[in-house]
file target.txt (compact mmCIF, C-alpha atoms and all ligand atoms)
# COMPACT_ATOMS: atom_id res chain seq x y z
CA MET A 284 5.43 25.26 4.42
CA SER A 285 1.86 24.13 5.10
CA ALA A 286 -0.08 22.86 2.09
CA GLU A 287 2.89 23.36 -0.20
CA SER A 288 5.08 20.59 1.17
CA HIS A 289 2.28 18.06 0.77
CA LEU A 290 1.25 16.82 -2.61
CA ILE A 291 -1.86 15.06 -1.40
CA ASP A 292 -3.94 16.01 1.61
CA MET A 293 -6.65 13.56 2.62
CA GLN A 294 -9.14 15.59 4.63
CA GLY A 295 -11.65 12.92 5.60
CA LEU A 296 -12.27 10.52 2.71
CA ASN A 297 -15.38 8.34 2.89
CA SER A 298 -16.10 5.67 0.31
CA HIS A 299 -18.97 3.36 -0.50
CA TYR A 300 -19.74 0.47 -2.79
CA GLY A 301 -23.48 0.64 -3.25
CA GLY A 302 -24.84 1.23 0.23
CA ARG A 303 -21.83 -0.27 1.98
CA GLN A 304 -19.23 2.09 3.43
CA VAL A 305 -15.66 0.77 3.11
CA LEU A 306 -13.54 3.85 3.92
CA PHE A 307 -14.22 5.98 7.00
CA ASP A 308 -12.92 9.53 7.42
CA ILE A 309 -9.44 8.78 6.05
CA ARG A 310 -7.02 11.56 7.00
CA PHE A 311 -3.32 11.78 6.24
CA THR A 312 -0.96 13.74 4.03
CA ILE A 313 1.39 12.51 1.34
CA PRO A 314 4.62 14.51 1.15
CA ARG A 315 6.30 15.23 -2.16
CA ARG A 316 9.36 13.32 -3.30
CA GLN A 317 8.95 10.65 -0.67
CA VAL A 318 7.79 7.05 -0.50
CA THR A 319 4.51 6.56 1.36
CA VAL A 320 3.59 2.96 2.08
CA ILE A 321 0.01 1.98 2.85
CA MET A 322 -0.28 -1.27 4.79
CA GLY A 323 -3.08 -3.36 6.16
CA VAL A 324 -4.64 -6.79 5.85
CA SER A 325 -6.51 -7.86 2.75
CA GLY A 326 -9.90 -6.20 2.43
CA CYS A 327 -9.11 -3.19 4.64
CA GLY A 328 -9.59 -0.76 1.74
CA LYS A 329 -6.11 -0.08 0.32
CA THR A 330 -7.00 -0.59 -3.34
CA THR A 331 -10.18 1.45 -2.95
CA LEU A 332 -8.13 4.28 -1.48
CA LEU A 333 -5.77 4.15 -4.48
CA ARG A 334 -8.72 4.16 -6.89
CA HIS A 335 -9.83 7.47 -5.37
CA LEU A 336 -6.35 8.97 -5.55
CA ILE A 337 -5.98 7.96 -9.19
CA GLY A 338 -9.38 9.39 -10.09
CA LEU A 339 -10.94 6.03 -10.99
CA LYS A 340 -13.53 6.24 -8.25
CA ALA A 341 -15.44 9.46 -7.74
CA THR A 342 -14.48 11.49 -4.67
CA GLN A 343 -16.87 13.86 -2.94
CA PRO A 344 -15.77 17.51 -2.88
CA GLY A 345 -13.78 18.60 0.16
CA GLN A 346 -12.31 15.19 0.97
CA VAL A 347 -9.03 15.01 -0.99
CA MET A 348 -6.79 17.90 -2.00
CA ILE A 349 -4.20 17.35 -4.72
CA ASP A 350 -1.56 20.04 -4.94
CA GLY A 351 -3.93 22.42 -3.17
CA GLU A 352 -6.88 21.66 -5.45
CA ASP A 353 -10.03 19.71 -4.66
CA LEU A 354 -9.95 16.34 -6.45
CA GLY A 355 -13.73 16.10 -6.00
CA GLY A 356 -14.12 19.29 -8.04
CA PHE A 357 -11.92 18.31 -11.00
CA ASP A 358 -13.59 18.59 -14.41
CA GLU A 359 -12.73 16.21 -17.28
CA ALA A 360 -9.80 18.33 -18.49
CA LYS A 361 -8.29 18.66 -15.03
CA LEU A 362 -8.67 14.97 -14.40
CA ARG A 363 -6.98 14.14 -17.70
CA ALA A 364 -4.07 16.50 -16.95
CA TYR A 365 -3.71 14.95 -13.49
CA ARG A 366 -3.71 11.40 -14.89
CA LEU A 367 -0.93 12.37 -17.32
CA LYS A 368 1.24 13.17 -14.30
CA THR A 369 0.54 9.86 -12.62
CA GLY A 370 1.74 6.34 -13.30
CA VAL A 371 -0.11 3.32 -11.98
CA LEU A 372 0.79 -0.32 -11.54
CA PHE A 373 -2.31 -2.24 -10.54
CA GLN A 374 -2.41 -5.42 -8.54
CA GLY A 375 -3.24 -7.46 -11.62
CA GLY A 376 -0.83 -5.38 -13.70
CA ALA A 377 -2.24 -6.76 -16.96
CA LEU A 378 -0.30 -6.25 -20.20
CA PHE A 379 -1.82 -6.45 -23.67
CA ASN A 380 -1.14 -10.05 -24.66
CA SER A 381 -1.18 -9.33 -28.39
CA LEU A 382 1.58 -6.72 -28.10
CA SER A 383 5.28 -7.24 -27.49
CA LEU A 384 6.84 -5.76 -24.36
CA TRP A 385 8.09 -2.61 -26.02
CA GLU A 386 4.77 -2.13 -27.81
CA ASN A 387 3.01 -2.39 -24.45
CA ILE A 388 5.13 0.43 -23.07
CA ALA A 389 4.58 2.40 -26.28
CA VAL A 390 0.80 2.46 -25.81
CA PRO A 391 0.58 5.47 -23.45
CA LEU A 392 3.27 7.29 -25.44
CA LYS A 393 1.36 6.80 -28.69
CA VAL A 394 -1.90 7.91 -27.11
CA HIS A 395 -0.59 10.99 -25.31
CA THR A 396 2.32 12.32 -27.39
CA ARG A 397 3.28 13.12 -30.97
CA LEU A 398 6.66 11.45 -30.59
CA PRO A 399 7.91 9.49 -33.61
CA GLU A 400 8.01 5.70 -33.43
CA LYS A 401 11.81 5.59 -33.34
CA ILE A 402 12.01 7.78 -30.21
CA ILE A 403 9.17 5.82 -28.60
CA ARG A 404 11.01 2.57 -29.19
CA ILE A 405 14.22 3.94 -27.59
CA MET A 406 12.16 5.24 -24.65
CA ALA A 407 10.55 1.84 -24.22
CA VAL A 408 13.95 0.17 -24.18
CA ILE A 409 15.17 2.70 -21.58
CA LYS A 410 12.14 1.96 -19.37
CA LEU A 411 12.55 -1.78 -19.80
CA GLY A 412 16.20 -1.28 -18.85
CA LEU A 413 15.11 0.30 -15.56
CA VAL A 414 13.35 -2.93 -14.61
CA GLY A 415 16.09 -5.17 -16.01
CA LEU A 416 14.23 -6.28 -19.14
CA SER A 417 15.86 -4.35 -21.98
CA GLU A 418 16.92 -7.61 -23.63
CA PHE A 419 13.30 -8.75 -23.77
CA CYS A 420 11.79 -5.82 -25.65
CA ASP A 421 10.52 -7.98 -28.53
CA TYR A 422 9.14 -10.78 -26.34
CA MET A 423 5.43 -11.37 -26.00
CA PRO A 424 3.98 -11.27 -22.46
CA SER A 425 3.09 -14.97 -22.68
CA GLN A 426 6.79 -15.81 -23.06
CA LEU A 427 7.64 -14.27 -19.69
CA SER A 428 7.32 -15.32 -16.07
CA GLY A 429 4.82 -13.62 -13.76
CA GLY A 430 7.59 -11.65 -12.10
CA MET A 431 8.89 -10.38 -15.44
CA ARG A 432 5.39 -9.35 -16.47
CA LYS A 433 5.04 -7.42 -13.24
CA ARG A 434 8.30 -5.61 -13.95
CA ALA A 435 7.14 -4.85 -17.49
CA GLY A 436 3.93 -3.44 -15.99
CA LEU A 437 6.04 -1.13 -13.87
CA ALA A 438 8.01 -0.06 -16.95
CA ARG A 439 4.71 0.81 -18.59
CA ALA A 440 3.60 2.78 -15.52
CA LEU A 441 6.83 4.77 -15.91
CA ALA A 442 6.38 5.36 -19.65
CA MET A 443 5.30 8.99 -19.33
CA ASP A 444 7.86 9.94 -16.64
CA PRO A 445 5.14 10.39 -14.03
CA GLU A 446 5.58 12.81 -11.13
CA ILE A 447 3.48 10.52 -8.96
CA LEU A 448 3.71 6.73 -9.04
CA PHE A 449 1.06 4.48 -7.52
CA VAL A 450 1.90 0.83 -7.04
CA ASP A 451 -0.54 -1.76 -5.70
CA GLU A 452 1.06 -4.84 -4.11
CA PRO A 453 4.25 -4.77 -6.20
CA SER A 454 5.95 -7.76 -4.67
CA SER A 455 3.05 -10.17 -4.24
CA GLY A 456 3.89 -13.32 -6.14
CA LEU A 457 7.48 -12.27 -6.80
CA ASP A 458 10.55 -14.22 -5.76
CA PRO A 459 12.62 -12.48 -3.04
CA ILE A 460 15.38 -11.33 -5.39
CA THR A 461 12.99 -9.74 -7.88
CA ALA A 462 11.07 -8.17 -5.00
CA ALA A 463 14.28 -6.67 -3.60
CA GLY A 464 15.16 -5.34 -7.06
CA LEU A 465 11.77 -3.65 -7.22
CA ASP A 466 12.33 -2.04 -3.82
CA GLN A 467 15.69 -0.73 -4.98
CA LEU A 468 14.17 0.71 -8.14
CA ILE A 469 11.50 2.51 -6.11
CA LEU A 470 14.23 4.06 -3.96
CA ASP A 471 16.24 5.01 -7.07
CA LEU A 472 13.22 6.70 -8.63
CA ARG A 473 12.68 8.74 -5.49
CA GLU A 474 16.36 9.56 -5.16
CA THR A 475 17.16 10.29 -8.79
CA LEU A 476 13.97 11.79 -10.13
CA GLY A 477 12.37 13.02 -6.91
CA MET A 478 9.25 11.04 -7.74
CA THR A 479 6.40 10.96 -5.22
CA ILE A 480 5.64 7.28 -4.73
CA ILE A 481 2.69 5.59 -3.04
CA VAL A 482 3.02 1.86 -2.51
CA VAL A 483 0.37 -0.50 -1.18
CA THR A 484 1.83 -3.63 0.29
CA HIS A 485 1.46 -6.11 3.08
CA GLU A 486 5.08 -7.24 2.86
CA LEU A 487 6.38 -5.82 6.12
CA GLU A 488 10.07 -6.10 5.41
CA SER A 489 9.76 -4.32 2.11
CA ALA A 490 7.47 -1.68 3.61
CA PHE A 491 9.93 -0.73 6.35
CA HIS A 492 12.82 -0.80 3.89
CA ILE A 493 11.38 1.65 1.36
CA ALA A 494 9.02 3.86 3.37
CA ASP A 495 9.62 7.44 4.43
CA GLN A 496 6.11 7.35 5.82
CA LEU A 497 3.85 4.41 6.73
CA ILE A 498 0.08 4.36 6.93
CA VAL A 499 -1.46 1.38 8.71
CA MET A 500 -5.09 0.74 7.83
CA ASP A 501 -7.65 -1.53 9.43
CA GLN A 502 -11.25 -2.07 8.38
CA GLY A 503 -11.45 1.10 6.32
CA ARG A 504 -9.81 3.33 8.90
CA VAL A 505 -6.33 4.71 9.48
CA LEU A 506 -4.88 3.03 12.56
CA ALA A 507 -1.54 4.80 12.56
CA ALA A 508 0.59 7.05 10.40
CA GLY A 509 4.22 7.97 10.83
CA GLY A 510 7.85 7.28 10.05
CA PRO A 511 9.16 3.68 10.20
CA GLU A 512 10.61 4.11 13.71
CA GLU A 513 7.41 5.67 14.96
CA ILE A 514 5.27 2.82 13.61
CA GLN A 515 7.76 0.23 14.83
CA ALA A 516 7.52 1.70 18.32
CA SER A 517 3.74 2.06 18.28
CA GLY A 518 2.03 0.97 21.44
CA ASP A 519 -1.36 0.63 19.71
CA LYS A 520 -2.58 -2.90 20.23
CA ARG A 521 -3.99 -3.36 16.74
CA VAL A 522 -0.84 -1.97 15.10
CA ARG A 523 1.24 -4.38 17.17
CA GLN A 524 -1.06 -7.23 16.18
CA PHE A 525 -0.64 -6.36 12.53
CA LEU A 526 3.15 -6.10 12.77
CA ASN A 527 3.48 -9.33 14.70
CA ARG A 528 1.11 -11.36 12.59
CA GLN A 529 2.97 -10.31 9.47
CA ALA A 530 6.38 -10.99 10.89
CA ASP A 531 5.44 -14.58 11.53
CA PRO A 532 4.37 -16.50 8.44
CA ARG A 533 3.05 -19.42 10.50
CA TRP A 534 -0.66 -19.64 11.04
CA THR A 535 -0.32 -21.43 14.33
CA GLU A 536 -0.89 -19.01 17.18
CA ASN A 537 0.00 -19.27 20.78
CA PRO A 538 -3.42 -19.72 22.40
CA ALA A 539 -2.04 -18.20 25.59
CA THR A 540 -2.01 -14.77 23.90
CA SER A 541 -5.49 -15.05 22.47
CA SER A 542 -8.05 -12.59 23.70
CA CYS A 543 -10.58 -15.40 23.34
CA LEU A 544 -8.96 -17.34 26.16
CA PRO A 545 -10.87 -16.75 29.35
CA GLY A 546 -9.00 -15.33 32.32
CA GLU A 547 -5.78 -13.30 32.69
CA ARG A 548 -3.87 -12.41 29.49
CA VAL A 549 -0.42 -13.91 29.44
CA GLU A 550 2.32 -11.67 28.09
CA GLU A 551 4.69 -13.56 25.88
CA GLY A 552 8.42 -12.82 26.07
CA LYS A 553 10.20 -12.29 22.77
CA GLY A 554 11.95 -15.39 21.65
CA MET B 142 11.86 25.46 -25.82
CA SER B 143 14.04 27.16 -28.39
CA ALA B 144 17.13 26.00 -30.22
CA ALA B 145 19.61 28.43 -31.78
CA VAL B 146 22.03 26.89 -34.26
CA LEU B 147 25.44 28.56 -34.31
CA ASP B 148 27.60 27.40 -37.15
CA PRO B 149 31.10 28.84 -36.82
CA PRO B 150 33.13 28.09 -39.97
CA GLY B 151 35.73 25.37 -39.54
CA ASP B 152 34.43 24.38 -36.13
CA ALA B 153 31.76 21.95 -34.90
CA PRO B 154 28.27 23.45 -35.02
CA VAL B 155 26.84 24.43 -31.65
CA VAL B 156 23.17 24.30 -30.82
CA GLU B 157 22.08 26.38 -27.84
CA LEU B 158 18.98 24.86 -26.27
CA THR B 159 16.68 26.87 -24.03
CA GLY B 160 13.78 25.73 -21.86
CA THR B 161 12.32 22.26 -21.41
CA VAL B 162 13.31 19.25 -23.49
CA ASP B 163 10.27 17.01 -23.14
CA PHE B 164 7.70 15.01 -25.09
CA LYS B 165 6.09 18.25 -26.18
CA SER B 166 9.22 19.89 -27.59
CA VAL B 167 11.16 16.83 -28.76
CA PRO B 168 9.24 16.15 -32.02
CA GLU B 169 10.24 19.55 -33.52
CA LEU B 170 13.63 19.79 -31.83
CA ARG B 171 14.62 16.34 -33.07
CA LYS B 172 13.88 17.27 -36.68
CA ARG B 173 16.12 20.33 -36.46
CA LEU B 174 18.96 18.50 -34.75
CA LEU B 175 18.85 15.53 -37.14
CA LYS B 176 19.11 18.04 -39.98
CA VAL B 177 22.22 19.61 -38.46
CA VAL B 178 23.92 16.24 -37.96
CA LYS B 179 23.01 15.12 -41.48
CA LYS B 180 24.24 18.36 -43.02
CA ARG B 181 27.49 18.62 -41.09
CA GLY B 182 28.18 14.89 -41.11
CA GLY B 183 31.59 14.22 -39.63
CA ASP B 184 32.11 17.57 -37.92
CA GLY B 185 30.41 16.60 -34.69
CA LEU B 186 27.78 18.55 -32.84
CA ARG B 187 27.97 20.45 -29.59
CA LEU B 188 24.72 20.72 -27.68
CA ASP B 189 24.74 23.53 -25.15
CA PHE B 190 22.40 22.66 -22.28
CA ARG B 191 23.23 25.60 -20.03
CA ARG B 192 19.80 27.15 -20.44
CA VAL B 193 17.85 23.89 -20.35
CA THR B 194 15.79 23.66 -17.18
CA ARG B 195 14.46 20.11 -17.46
CA MET B 196 14.65 17.06 -19.71
CA ASP B 197 12.49 13.93 -19.74
CA THR B 198 13.06 10.46 -21.17
CA SER B 199 12.03 11.51 -24.66
CA GLY B 200 14.98 13.93 -24.56
CA VAL B 201 17.31 11.15 -23.50
CA ALA B 202 15.98 9.00 -26.35
CA MET B 203 16.56 11.84 -28.79
CA LEU B 204 20.18 12.13 -27.62
CA VAL B 205 20.63 8.39 -28.15
CA GLU B 206 19.32 8.68 -31.70
CA LEU B 207 21.54 11.70 -32.44
CA HIS B 208 24.51 9.87 -30.95
CA GLN B 209 23.86 6.85 -33.16
CA LEU B 210 23.56 8.99 -36.27
CA ALA B 211 26.73 10.96 -35.45
CA SER B 212 28.66 7.74 -34.72
CA SER B 213 27.58 6.21 -38.00
CA ARG B 214 29.21 9.22 -39.66
CA GLY B 215 32.39 8.80 -37.67
CA SER B 216 31.76 11.78 -35.46
CA ARG B 217 30.42 12.44 -32.00
CA LEU B 218 28.05 14.44 -29.90
CA ALA B 219 29.32 16.74 -27.16
CA LEU B 220 26.92 17.74 -24.37
CA ILE B 221 27.79 20.96 -22.57
CA GLY B 222 26.53 22.46 -19.31
CA LEU B 223 24.07 19.82 -18.14
CA ASN B 224 22.26 20.69 -14.95
CA GLU B 225 21.74 18.19 -12.16
CA GLN B 226 18.29 17.05 -13.32
CA VAL B 227 19.39 16.48 -16.91
CA ARG B 228 22.46 14.55 -15.79
CA ARG B 229 20.38 12.39 -13.46
CA MET B 230 17.92 11.50 -16.21
CA ILE B 231 20.81 10.29 -18.35
CA GLN B 232 22.44 8.42 -15.47
CA LEU B 233 19.23 6.69 -14.39
CA ALA B 234 18.91 5.30 -17.91
CA ARG B 235 22.56 4.14 -17.61
CA LEU B 236 23.38 6.05 -20.77
CA ASP B 237 25.99 8.33 -19.20
CA ARG B 238 28.86 6.27 -20.63
CA LEU B 239 27.31 6.09 -24.08
CA LEU B 240 26.62 9.82 -24.14
CA GLY B 241 29.92 10.77 -22.53
CA VAL B 242 28.39 12.38 -19.46
CA SER B 243 30.51 12.11 -16.35
CA ILE B 244 29.36 12.41 -12.77
CA GLY B 245 30.27 15.71 -11.15
CA GLU B 246 30.88 17.38 -14.49
CA GLU B 247 31.06 21.17 -14.08
CA ALA B 248 28.57 23.28 -15.96
CA GLY B 249 30.24 24.61 -19.06
CA CYS B 250 33.01 21.98 -19.12
CA GLN B 251 33.09 19.09 -21.49
N1 LIG A 601 -15.88 -3.35 -6.86
C1 LIG A 601 -16.31 -3.59 -5.62
N2 LIG A 601 -17.62 -3.73 -5.32
C2 LIG A 601 -18.04 -3.95 -4.07
N3 LIG A 601 -17.24 -4.08 -3.02
C3 LIG A 601 -15.92 -3.97 -3.23
C4 LIG A 601 -15.38 -3.71 -4.54
N4 LIG A 601 -14.04 -3.65 -4.44
C5 LIG A 601 -13.75 -3.85 -3.15
N5 LIG A 601 -14.85 -4.04 -2.41
C6 LIG A 601 -14.93 -4.25 -0.97
O1 LIG A 601 -14.36 -3.13 -0.32
C7 LIG A 601 -13.54 -3.50 0.77
C8 LIG A 601 -12.13 -3.00 0.55
O2 LIG A 601 -11.56 -3.69 -0.56
P1 LIG A 601 -10.16 -3.30 -1.19
O3 LIG A 601 -10.09 -1.84 -1.31
O4 LIG A 601 -9.97 -4.10 -2.41
O5 LIG A 601 -9.18 -3.78 -0.02
P2 LIG A 601 -7.62 -4.19 -0.07
O6 LIG A 601 -7.03 -3.62 -1.31
O7 LIG A 601 -7.05 -3.61 1.19
O8 LIG A 601 -7.55 -5.68 -0.04
C9 LIG A 601 -13.63 -5.02 0.85
O9 LIG A 601 -14.57 -5.34 1.79
C10 LIG A 601 -14.08 -5.43 -0.54
O10 LIG A 601 -14.84 -6.61 -0.49
MG MG A 602 -6.00 -4.56 -2.85

call {"tool": "encode", "arguments": {"input": "target.txt", "output": "structure tokens", "more": "lines below"}}
Ligand SMILES: Nc1ncnc2c1ncn2[C@@H]1O[C@H](COP(=O)(O)OP(=O)(O)O)[C@@H](O)[C@H]1O
Ligand SMILES: [Mg+2]
result
Amino acid sequence: MSAESHLIDMQGLNSHYGGRQVLFDIRFTIPRRQVTVIMGVSGCGKTTLLRHLIGLKATQPGQVMIDGEDLGGFDEAKLRAYRLKTGVLFQGGALFNSLSLWENIAVPLKVHTRLPEKIIRIMAVIKLGLVGLSEFCDYMPSQLSGGMRKRAGLARALAMDPEILFVDEPSSGLDPITAAGLDQLILDLRETLGMTIIVVTHELESAFHIADQLIVMDQGRVLAAGGPEEIQASGDKRVRQFLNRQADPRWTENPATSSCLPGERVEEGKG
Amino acid sequence: MSAAVLDPPGDAPVVELTGTVDFKSVPELRKRLLKVVKKRGGDGLRLDFRRVTRMDTSGVAMLVELHQLASSRGSRLALIGLNEQVRRMIQLARLDRLLGVSIGEEAGCQ
């Protein structure tokens, strides 16, 4: 049950933009058929990490194993086959504005399969139904709200029935009800189809609701990895800081707890 | 994927499917099944899934199309012996009612 139970094994990923290193020796494993949530403040490297896992940013050999094979050693054909098994919803989640919703979802199906148009249209309606948009299949993206466009983007990510789904900040900019619906769909996809799902988010409530495993990142490094209870109970100061900052939407801090305040640190009781 | 058409006289035709019903096999399979429904019109069609290992959304879409065609001819589609994965695909799409698939259906029962 070693390598086999893990779909992805990060064995020390380093990443650079130009001369600047942004990921440092990232190590964790992603189990199959579970939801892994990657958390951390803006700029800590979450999207860069996803870009490696999707094959959009080159990975050095020996740093990331996918299904027992070295991602850094994939040739073009291998990479293409891997991408066919993955679905991605990017942070921007852009749709083609000149295409209707169903035509947007049809794009990957037309590119990668020989399915007839009629079947593709039914598939698109099924996928739109998963995200609650089957009535909107002939709408243009410009006629929809941001939240609906995001959901349509997810439907498109699901077009090819991916085994692995990557989602970057799914609920940012969504109203709470839509965000909760998205969480439920992610759980349904895991439950019903056994999909392996990797979600990047900084919405704490959502993260703890959907995650089987949580990865907390900070400044390009993994701070902590574990189940929700484990992370919740973490004694690591920076993990606690992250959890507490996120739980409180106010910017105003209690100066008594600041490490910048000279003298004895005051421990604050929970209120 | 293979599909054997059994056509007992006086009874609904049965198609025994074997293997994976997915975006690779659906284009050919669909042509054959549409032909059977068109030829046998109102007699209905029984699709035997007992030897199907996996189905994807293109398979579900194909069943929807076959169902629509059969309904327009006053007949219906019967799905037999769906495994857990196939049933879940249909249920996730919320098409179990339309396609007459019930939860907990025993393999081999209708
Ligand atoms: N295309 C890029 N070129 C140069 N630097 C980048 C690029 N994309 C991201 N970065 C930098 O890499 C770091 C990690 O960014 P990113 O992975 O987008 O973080 P996150 O998704 O957690 O907000 C940041 O410092 C960011 O400025
Ligand atoms: Mg990001």

call {"tool": "residues_around", "arguments": {"input": "target.txt", "residues": "Gly215 (chain B)", "least_positions_apart": "2", "cutoff": "10 Å", "atoms": "only C-alpha atoms", "output": "PyMOL selection string"}}
result
chain B and resi 182-185+209-213+217

call {"tool": "residues_around", "arguments": {"input": "target.txt", "residues": "region 348-364 of chain A", "least_positions_apart": "2", "cutoff": "12 Å", "atoms": "all atoms listed in the file", "output": "PyMOL selection string"}}
result
chain A and resi 285-297+310-315+335-346+366-369+395+445-447

call {"tool": "closest_residue", "arguments": {"input": "target.txt", "among": "A:Asp519, A:Glu452, A:Asp466, A:Asp495", "to": "ligand LIG 601 (chain A)", "atoms": "only C-alpha atoms and all ligand atoms"}}
result
A:Glu452

call {"tool": "residues_around", "arguments": {"input": "target.txt", "residues": "Arg235 (chain B)", "least_positions_apart": "4", "cutoff": "9 Å", "atoms": "only C-alpha atoms", "output": "MDAnalysis selection string"}}
result
(chainID A and resid 409 412:413) or (chainID B and resid 230:231 239)

call {"tool": "interface_residues", "arguments": {"input": "target.txt", "of": "chain B", "to": "chain A", "cutoff": "7 Å", "atoms": "all atoms listed in the file", "output": "list in words"}}
result
Phe164, Pro168, Asp197, Thr198, Ser199, Ala202, Met203, Arg229, Leu233 and Ala234 of chain B

call {"tool": "residues_around", "arguments": {"input": "target.txt", "residues": "region 151-157 of chain B", "least_positions_apart": "6", "cutoff": "6 Å", "atoms": "all atoms listed in the file", "output": "list in words"}}
result
Ala144, Ala145, Asp184, Gly185, Leu186, Arg187, Leu188 and Asp189 of chain B

call {"tool": "write_last_selection", "arguments": {"input": "target.txt", "atoms": "C-alpha atoms", "output": "short mmCIF file (atom, residue, chain, number, x, y, z; two decimals), keeping the file's coordinate frame"}}
result
data_model
loop_
_atom_site.label_atom_id
_atom_site.label_comp_id
_atom_site.auth_asym_id
_atom_site.auth_seq_id
_atom_site.Cartn_x
_atom_site.Cartn_y
_atom_site.Cartn_z
CA ALA B 144 17.13 26.00 -30.22
CA ALA B 145 19.61 28.43 -31.78
CA ASP B 184 32.11 17.57 -37.92
CA GLY B 185 30.41 16.60 -34.69
CA LEU B 186 27.78 18.55 -32.84
CA ARG B 187 27.97 20.45 -29.59
CA LEU B 188 24.72 20.72 -27.68
CA ASP B 189 24.74 23.53 -25.15
#

call {"tool": "residues_around", "arguments": {"input": "target.txt", "residues": "Arg192 (chain B)", "least_positions_apart": "3", "cutoff": "12 Å", "atoms": "all atoms listed in the file", "output": "NGL selection string"}}
result
:B and (142-145 or 156-162 or 188-189 or 195-196 or 221-224 or 227 or 248-249)

call {"tool": "residues_near_ligand", "arguments": {"input": "target.txt", "ligand": "ligand MG 602 (chain A)", "cutoff": "12 Å", "atoms": "all atoms listed in the file", "output": "list in words"}}
result
Ile321, Met322, Gly323, Val324, Ser325, Gly326, Cys327, Gly328, Lys329, Thr330, Thr331, Leu332, Leu333, Arg334, Leu372, Phe373, Gln374, Gly375, Val450, Asp451, Glu452, Pro453, Ser455, Val482, Val483, Thr484, His485 and Met500 of chain A

call {"tool": "write_last_selection", "arguments": {"input": "target.txt", "atoms": "C-alpha atoms", "output": "PDB file, in the coordinates of the input"}}
result
ATOM      1  CA  ILE A 321       0.010   1.980   2.850  1.00  0.00           C
ATOM      2  CA  MET A 322      -0.280  -1.270   4.790  1.00  0.00           C
ATOM      3  CA  GLY A 323      -3.080  -3.360   6.160  1.00  0.00           C
ATOM      4  CA  VAL A 324      -4.640  -6.790   5.850  1.00  0.00           C
ATOM      5  CA  SER A 325      -6.510  -7.860   2.750  1.00  0.00           C
ATOM      6  CA  GLY A 326      -9.900  -6.200   2.430  1.00  0.00           C
ATOM      7  CA  CYS A 327      -9.110  -3.190   4.640  1.00  0.00           C
ATOM      8  CA  GLY A 328      -9.590  -0.760   1.740  1.00  0.00           C
ATOM      9  CA  LYS A 329      -6.110  -0.080   0.320  1.00  0.00           C
ATOM     10  CA  THR A 330      -7.000  -0.590  -3.340  1.00  0.00           C
ATOM     11  CA  THR A 331     -10.180   1.450  -2.950  1.00  0.00           C
ATOM     12  CA  LEU A 332      -8.130   4.280  -1.480  1.00  0.00           C
ATOM     13  CA  LEU A 333      -5.770   4.150  -4.480  1.00  0.00           C
ATOM     14  CA  ARG A 334      -8.720   4.160  -6.890  1.00  0.00           C
ATOM     15  CA  LEU A 372       0.790  -0.320 -11.540  1.00  0.00           C
ATOM     16  CA  PHE A 373      -2.310  -2.240 -10.540  1.00  0.00           C
ATOM     17  CA  GLN A 374      -2.410  -5.420  -8.540  1.00  0.00           C
ATOM     18  CA  GLY A 375      -3.240  -7.460 -11.620  1.00  0.00           C
ATOM     19  CA  VAL A 450       1.900   0.830  -7.040  1.00  0.00           C
ATOM     20  CA  ASP A 451      -0.540  -1.760  -5.700  1.00  0.00           C
ATOM     21  CA  GLU A 452       1.060  -4.840  -4.110  1.00  0.00           C
ATOM     22  CA  PRO A 453       4.250  -4.770  -6.200  1.00  0.00           C
ATOM     23  CA  SER A 455       3.050 -10.170  -4.240  1.00  0.00           C
ATOM     24  CA  VAL A 482       3.020   1.860  -2.510  1.00  0.00           C
ATOM     25  CA  VAL A 483       0.370  -0.500  -1.180  1.00  0.00           C
ATOM     26  CA  THR A 484       1.830  -3.630   0.290  1.00  0.00           C
ATOM     27  CA  HIS A 485       1.460  -6.110   3.080  1.00  0.00           C
ATOM     28  CA  MET A 500      -5.090   0.740   7.830  1.00  0.00           C
TER      29      MET A 500
END

call {"tool": "atom_distance", "arguments": {"input": "target.txt", "atom1": "CA of Leu218 (chain B)", "atom2": "CA of Arg191 (chain B)"}}
result
15.7 Å

call {"tool": "atom_distance", "arguments": {"input": "target.txt", "atom1": "CA of Val394 (chain A)", "atom2": "CA of Arg473 (chain A)"}}
result
26.1 Å

call {"tool": "axis_aligned_box", "arguments": {"input": "target.txt", "around": "region 226-245 of chain B", "padding_each_side": "5 Å", "output": "lines of an AutoDock Vina configuration file"}}
result
center_x = 24.2
center_y = 10.6
center_z = -17.6
size_x = 22.6
size_y = 22.9
size_z = 23.0

call {"tool": "atom_distance", "arguments": {"input": "target.txt", "atom1": "CA of Leu427 (chain A)", "atom2": "CA of Gly456 (chain A)"}}
result
14.1 Å

call {"tool": "closest_residue", "arguments": {"input": "target.txt", "among": "A:Met431, A:Leu448, A:Ser454, A:Leu437", "to": "Tyr365 (chain A)", "atoms": "all atoms listed in the file"}}
result
A:Leu448

call {"tool": "closest_residue", "arguments": {"input": "target.txt", "among": "A:Ile481, A:Gln317, A:Ser298, A:Val305", "to": "ligand LIG 601 (chain A)", "atoms": "only C-alpha atoms and all ligand atoms"}}
result
A:Val305

call {"tool": "closest_residue", "arguments": {"input": "target.txt", "among": "A:Asp501, A:Ala463, A:Leu382, A:Phe525", "to": "Leu487 (chain A)", "atoms": "only C-alpha atoms"}}
result
A:Phe525

call {"tool": "closest_residue", "arguments": {"input": "target.txt", "among": "A:Arg316, A:Arg523, A:Arg432, A:Arg504", "to": "ligand LIG 601 (chain A)", "atoms": "all atoms listed in the file"}}
result
A:Arg504

call {"tool": "closest_residue", "arguments": {"input": "target.txt", "among": "B:Arg228, B:Arg214, B:His208, B:Lys165", "to": "Arg181 (chain B)", "atoms": "all atoms listed in the file"}}
result
B:Arg214
